[in-house]
Amino acid sequence: MKNGSIMNKQERIETVFLYGVFICYVLFLFKLLFLSRISLLDLLNSQRTLDRSINLIPFNSIKEYIFSNSATIKNFAFANVVGNIVIFIPLGTYLSLFKKNKRVITNLLFILIVSLFFEIIQGLLGIGASDIDDIILNCLGGLVGILGYKFLLFILRDGKKVRTAITILSAIGLPVLLYLLFVVRLRL
């Protein structure tokens, strides 16, 4: 019985840690997507001019990146495409870990809604560009996270081992996340 209560305590600590890292990740997403181009004070300033850029044509931005002759645009394109994929991988992983419904399509739909929310808010507030390609790339990143979780489950064959593996990866990534969240002034 004593061993069972120790595991319960360890599982609770692990759960609190994972939710804490997830909250830091969500805060990082908000900082990156909303506050990397302007400060919070500028965002709330009623005199701020709004420059809106909206693309509703799928793959239009990506096509422009691919066919551009400019090295600067190609570098930006690579960072934009890879960045939009990478920043949503943890969301797919954590959704798969936290939610009881582990269906890929359900989690992917949630990621689509979250990404759509971010793009709509960016468009309404005139922060950066609202782009359907960003939504597609965000969903691709979320799918990579979901499939990564499924792959770990296939390899490790045990949900508790997968949870432990994600906890270890989260512990490794947490210092980087905190550094990006509190120290680095992100510029996009």
# chains A, B, ... in the order shown; residues from 1 in each chain; ligands from 1
$ closest_atom_pairs --of "stretch 3-71 of chain A" --to "stretch 91-114 of chain A" --cutoff "9 Å" --atoms "only C-alpha atoms" --output "tab-separated table"
residue	atom	partner	partner_atom	distance
A:Leu18	CA	A:Tyr94	CA	8.6
A:Tyr19	CA	A:Phe98	CA	8.9
A:Phe22	CA	A:Tyr94	CA	7.3
A:Tyr25	CA	A:Leu91	CA	8.5
A:Val26	CA	A:Leu91	CA	8.6
$ residues_around --residues "A:Asn138" --least-positions-apart "4" --cutoff "6 Å" --atoms "only C-alpha atoms" --output "PyMOL selection string"
chain A and resi 84-85+88+134
$ select_by_dssp --residues "stretch 4-186 of chain A" --states "helix (DSSP H, G or I)" --output "ChimeraX atom specification"
/A:4-34,40-44,60-67,71-86,89-98,104-125,132-156,159-182
$ closest_residue --among "A:Pro90, A:Val184, A:Glu64, A:Arg12" --to "A:Phe78" --atoms "only C-alpha atoms"
A:Glu64
$ atom_distance --atom1 "atom CA of A:Tyr65" --atom2 "atom CA of A:Leu137"
13.9 Å
